[in-house]
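Student: One structure, pasted below without further comment.
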Amino acid sequence: MEPNTANMPLMEPMHDVLLSVTRAYPPMAPLVIDITPRERAALTKLGDMLALAFGSYENPAFIAELHLHAFQLLPERISRILSSFGTDFSASQYGAIVLRGLVNVDQDQLGPTPPSYKQMDYTKINRYGFICALLHGAVPSKPVQYYAQRKGGGLLHAIIPDEKMNFTQTGSGSRTDLFVHTEDAFLFNAADFLSFLFLRNEENVPSSLYSIRSHGMLGPEMEALFQPIYKCPKDANYDADMAKGEEVTTPVLYGNRENPFIRFDAAEQIYNEAAGQTPEAMAHLKHFWEEARQLIYNDYIPESGDLIFVNNHLCAHGRNAFVAGYRKENDRMVKCERRMMLRMMSKTSLIGIRGVTHADDPYLIMEEHYGSLFK
């Protein structure tokens, strides 16, 4: 039987129309998914069930079969959303998803926010580690840890304001805006995906997100960002001597020329004098930043139990400045529990990073700065 080709000539023009619409209206904000009460209850129960079965979310038996667990145990709608997200690099993909009301957070069981991440009791957040790991498993991606982050510090990091680091460009800072950045822009093997689970945000701090896709079709002035001429020092987690720029240079945009990926850290590449950018590189960076900063999405204030899932190659993240432990109420600042967030990072392939991982732990990345390894 011959196929009916009567409508076939219309298919290509329609494709062109859809592509034109996508380019004309680039994504300006993350997709927000409201988790249903049934899904939320199932996830909370799931975290406790896995804790009983495996003890810790870092248990090798759990991590080895993570993808299987994810697709068997997660609510189907959530696993489908994340699986699709993991392979969508299109012009319409913002690069971040908000899972609103993902879990119920037991504030009494959590107790007061500790002074810093160093005092965090990780037994209190064990269930959330399992849930976050399952989300990464659905992409599918594998949770990893970086020696550059707290000398490893485990697969899950508590991000807590630290009074001793108020004005730093780190997750422990608070009194200054944390400029948008792709995580660990100073590494060739930075995380592919990030999750940020908010246990507390009583200060009502907006999260900042910036997607390279928000520019729409890139103009010729962006072509310079594909040149491998830009330096990126190690971030403010290092002391002054260790944070100086090094000679390795990379592009800001890479991958597909039409729908590129991004590696960028405004604080370190533009505002850090130790970066040592050439005049040409700095001029391109400043021109890019003038446009990019107008596209930062800053309207979302996470609530307890919300999670932001990010493609680290498409979307940069940051946050507004705030006074830790205080919220505004009737034009007055009143005390509250300080902000607490949980971060997990993952890579889609352990094989691809094996050259920079610990000999005895393929989940521990030992890269220090653009290919060099910690000794």
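Letters A, B, ... mark the chains of the structure tokens in the order given; residue numbers begin at 1 per chain; ligand numbers begin at 1, in order shown.
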Wanna dump the range 109-141 of chain A-range 152-168 of chain A contacts at 7 Å for me, each residue with its shortest atom pair and the distance in Å to one decimal, counting only C-alpha atoms, ordered by chain and number, as a tab-separated table?
Tutor:
```
residue	atom	partner	partner_atom	distance
A:Pro115	CA	A:Asp162	CA	6.1
A:Ser116	CA	A:Asp162	CA	5.2
A:Tyr117	CA	A:Ala158	CA	5.7
A:Gly129	CA	A:Leu156	CA	6.4
```
Student: Could the residues in this selection be written to a file with all heavy atoms, as an mmCIF file, in the first residue's frame?
Tutor:
```cif
data_model
loop_
_atom_site.group_PDB
_atom_site.id
_atom_site.type_symbol
_atom_site.label_atom_id
_atom_site.label_comp_id
_atom_site.auth_asym_id
_atom_site.auth_seq_id
_atom_site.Cartn_x
_atom_site.Cartn_y
_atom_site.Cartn_z
ATOM 1 N N PRO A 115 26.121 26.125 63.288
ATOM 2 C CA PRO A 115 26.891 27.319 62.900
ATOM 3 C C PRO A 115 27.497 27.229 61.502
ATOM 4 O O PRO A 115 27.666 28.241 60.842
ATOM 5 C CB PRO A 115 27.993 27.403 63.966
ATOM 6 C CG PRO A 115 27.462 26.633 65.130
ATOM 7 C CD PRO A 115 26.624 25.537 64.553
ATOM 8 N N SER A 116 27.847 26.020 61.063
ATOM 9 C CA SER A 116 28.409 25.836 59.721
ATOM 10 C C SER A 116 28.223 24.385 59.314
ATOM 11 O O SER A 116 27.790 23.542 60.115
ATOM 12 C CB SER A 116 29.895 26.205 59.691
ATOM 13 O OG SER A 116 30.685 25.160 60.231
ATOM 14 N N TYR A 117 28.570 24.089 58.087
ATOM 15 C CA TYR A 117 28.417 22.714 57.606
ATOM 16 C C TYR A 117 29.286 21.735 58.397
ATOM 17 O O TYR A 117 28.991 20.532 58.460
ATOM 18 C CB TYR A 117 28.753 22.632 56.111
ATOM 19 C CG TYR A 117 30.219 22.762 55.774
ATOM 20 C CD1 TYR A 117 31.067 21.663 55.809
ATOM 21 C CD2 TYR A 117 30.774 23.991 55.404
ATOM 22 C CE1 TYR A 117 32.412 21.773 55.486
ATOM 23 C CE2 TYR A 117 32.108 24.110 55.090
ATOM 24 C CZ TYR A 117 32.923 23.005 55.131
ATOM 25 O OH TYR A 117 34.256 23.130 54.812
ATOM 26 N N GLY A 129 19.077 12.427 51.530
ATOM 27 C CA GLY A 129 20.162 11.974 50.670
ATOM 28 C C GLY A 129 19.697 10.874 49.732
ATOM 29 O O GLY A 129 20.064 10.857 48.548
#
```
Student: Compile the contact shell of range 185-198 of chain A as number ranges by chain: residues with an atom at most 9 Å away, counting only C-alpha atoms, same-chain residues fewer than 3 positions apart removed.
Tutor: A: 86, 102, 128, 132, 135-136, 139, 141, 143-144, 146, 181-182, 201, 231-235, 263-265, 302-313, 339-348, 352-353, 356, 365, 367-372
Student: Please identify all polymer residues within 10 Å of Glu223 in chain A, counting only C-alpha atoms, omitting same-chain residues fewer than 4 positions from it, and present them as a short mmCIF file (atom, residue, chain, number, x, y, z; two decimals) with C-alpha atoms, in the first residue's frame.
Tutor:
```cif
data_model
loop_
_atom_site.label_atom_id
_atom_site.label_comp_id
_atom_site.auth_asym_id
_atom_site.auth_seq_id
_atom_site.Cartn_x
_atom_site.Cartn_y
_atom_site.Cartn_z
CA LEU A 218 23.07 33.81 19.47
CA GLY A 219 24.28 36.83 17.52
CA GLN A 227 37.51 31.10 21.53
CA LEU A 253 30.73 28.52 25.15
CA ARG A 257 27.48 26.08 17.82
CA HIS A 284 34.43 39.96 25.50
#
```
Student: Distance CA of Ile301 in chain A-CA of Ile97 in chain A, one decimal place?
Tutor: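 Pair CA of Ile301 in chain A / CA of Ile97 in chain A returns 13.8 Å.
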Student: Can you pull out the residues contacting Ala281 in chain A? Cut-off 12 Å, using only C-alpha atoms, and skip same-chain residues under 4 positions away; I want them as a list of chain:residue names.
Tutor: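 Counting only C-alpha atoms, the residues come to A:Ala224, A:Leu225, A:Phe226, A:Gln227, A:Pro228, A:Ile229, A:Tyr230, A:Lys231, A:Cys232, A:Thr249, A:Thr250, A:Pro251, A:Val252, A:Gln269, A:Ile270, A:Ala275, A:Gly276, A:Gln277, A:Leu285, A:Lys286, A:His287, A:Phe288.
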Student: I need the residues of range 178-289 of chain A that end up classed as alpha helix (DSSP H) by DSSP on the backbone, written out as number ranges by chain.
Tutor: A: 266-269, 279-289
Student: Write the selection just made, keeping N, CA and C atoms, as a compact mmCIF listing (two decimals), in the first residue's frame?
Tutor:
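Output file selection-v2.txt follows:
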```
# COMPACT_ATOMS: atom_id res chain seq x y z
N ALA A 266 31.03 34.45 36.91
CA ALA A 266 31.20 35.91 36.86
C ALA A 266 32.17 36.40 37.92
N ALA A 267 32.05 35.87 39.14
CA ALA A 267 32.88 36.36 40.25
C ALA A 267 34.36 36.13 39.97
N GLU A 268 34.71 34.95 39.47
CA GLU A 268 36.12 34.61 39.28
C GLU A 268 36.69 35.10 37.96
N GLN A 269 35.88 35.09 36.91
CA GLN A 269 36.41 35.45 35.60
C GLN A 269 36.40 36.95 35.32
N PRO A 279 43.36 41.76 27.88
CA PRO A 279 42.40 42.82 27.57
C PRO A 279 41.31 42.35 26.61
N GLU A 280 41.70 41.54 25.62
CA GLU A 280 40.72 41.05 24.65
C GLU A 280 39.68 40.16 25.34
N ALA A 281 40.15 39.22 26.16
CA ALA A 281 39.24 38.31 26.85
C ALA A 281 38.31 39.08 27.79
N MET A 282 38.86 40.02 28.53
CA MET A 282 38.03 40.79 29.47
C MET A 282 36.98 41.61 28.74
N ALA A 283 37.34 42.18 27.60
CA ALA A 283 36.36 42.96 26.84
C ALA A 283 35.19 42.08 26.39
N HIS A 284 35.49 40.88 25.93
CA HIS A 284 34.43 39.96 25.50
C HIS A 284 33.57 39.53 26.70
N LEU A 285 34.22 39.26 27.82
CA LEU A 285 33.49 38.83 29.01
C LEU A 285 32.54 39.92 29.51
N LYS A 286 33.02 41.15 29.54
CA LYS A 286 32.19 42.25 30.02
C LYS A 286 31.01 42.51 29.08
N HIS A 287 31.26 42.41 27.79
CA HIS A 287 30.18 42.59 26.82
C HIS A 287 29.11 41.51 27.00
N PHE A 288 29.56 40.27 27.17
CA PHE A 288 28.65 39.16 27.40
C PHE A 288 27.87 39.35 28.70
N TRP A 289 28.56 39.77 29.76
CA TRP A 289 27.95 39.90 31.08
C TRP A 289 26.88 41.00 31.09
```
Student: Assign secondary structure with DSSP using the backbone only, and return the residues of range 146-292 of chain A in strand (DSSP E or B) as a VMD selection string.
Tutor: chain A and resid 146 152 156 to 159 178 to 181 193 to 200 207 to 211 230 250 253 to 254 261 to 262 265
Student: Any chance you could export the current selection's C-alpha atoms as a PDB file, in the first residue's frame?
Tutor:
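In the end it all went to again-v8.pdb:
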```pdb
ATOM      1  CA  TYR A 146      34.839  16.415  44.357  1.00  0.00           C
ATOM      2  CA  GLY A 152      35.450  15.279  49.113  1.00  0.00           C
ATOM      3  CA  LEU A 156      25.581  15.314  49.867  1.00  0.00           C
ATOM      4  CA  HIS A 157      26.665  18.740  51.138  1.00  0.00           C
ATOM      5  CA  ALA A 158      24.804  20.842  53.677  1.00  0.00           C
ATOM      6  CA  ILE A 159      25.004  24.470  52.509  1.00  0.00           C
ATOM      7  CA  LEU A 178      26.440  35.153  45.038  1.00  0.00           C
ATOM      8  CA  PHE A 179      27.032  35.836  41.343  1.00  0.00           C
ATOM      9  CA  VAL A 180      25.582  33.290  38.952  1.00  0.00           C
ATOM     10  CA  HIS A 181      28.067  30.615  37.997  1.00  0.00           C
ATOM     11  CA  PHE A 193      23.728  17.889  37.050  1.00  0.00           C
ATOM     12  CA  LEU A 194      23.085  19.552  40.410  1.00  0.00           C
ATOM     13  CA  SER A 195      20.239  19.339  42.868  1.00  0.00           C
ATOM     14  CA  PHE A 196      19.487  21.889  45.581  1.00  0.00           C
ATOM     15  CA  LEU A 197      17.004  20.711  48.207  1.00  0.00           C
ATOM     16  CA  PHE A 198      15.840  23.497  50.507  1.00  0.00           C
ATOM     17  CA  LEU A 199      15.199  22.382  54.073  1.00  0.00           C
ATOM     18  CA  ARG A 200      14.880  25.964  55.312  1.00  0.00           C
ATOM     19  CA  SER A 207      17.441  31.910  44.059  1.00  0.00           C
ATOM     20  CA  SER A 208      19.137  33.272  40.946  1.00  0.00           C
ATOM     21  CA  LEU A 209      19.200  31.275  37.715  1.00  0.00           C
ATOM     22  CA  TYR A 210      20.635  32.184  34.336  1.00  0.00           C
ATOM     23  CA  SER A 211      20.315  30.068  31.196  1.00  0.00           C
ATOM     24  CA  TYR A 230      39.440  32.789  29.007  1.00  0.00           C
ATOM     25  CA  THR A 250      39.162  27.673  27.866  1.00  0.00           C
ATOM     26  CA  LEU A 253      30.732  28.523  25.155  1.00  0.00           C
ATOM     27  CA  TYR A 254      31.405  25.049  23.766  1.00  0.00           C
ATOM     28  CA  PHE A 261      26.850  24.689  26.520  1.00  0.00           C
ATOM     29  CA  ILE A 262      28.369  27.217  28.916  1.00  0.00           C
ATOM     30  CA  ASP A 265      31.778  32.160  36.712  1.00  0.00           C
TER      31      ASP A 265
END
```
Student: What lies within 10 Å of Tyr300 in chain A using only C-alpha atoms, ignoring chain neighbours under 4 positions off, as an NGL selection string?
Tutor: :A and (29-30 or 32 or 98 or 204-209)
Student: So, counting only C-alpha atoms, which residue among A:Gly318, A:Gly47, A:Gly137, A:Pro220 is closest to Asn104 in chain A?
Tutor: A:Gly47
Student: Could you check the closest approach to Ile81 in chain A for each of A:Ile33, A:Asp106, A:Asp360, A:Arg100 and tell me which residue wins, using only C-alpha atoms?
Tutor: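 Residue with the minimum atom-to-atom distance to Ile81 in chain A: A:Ile33.
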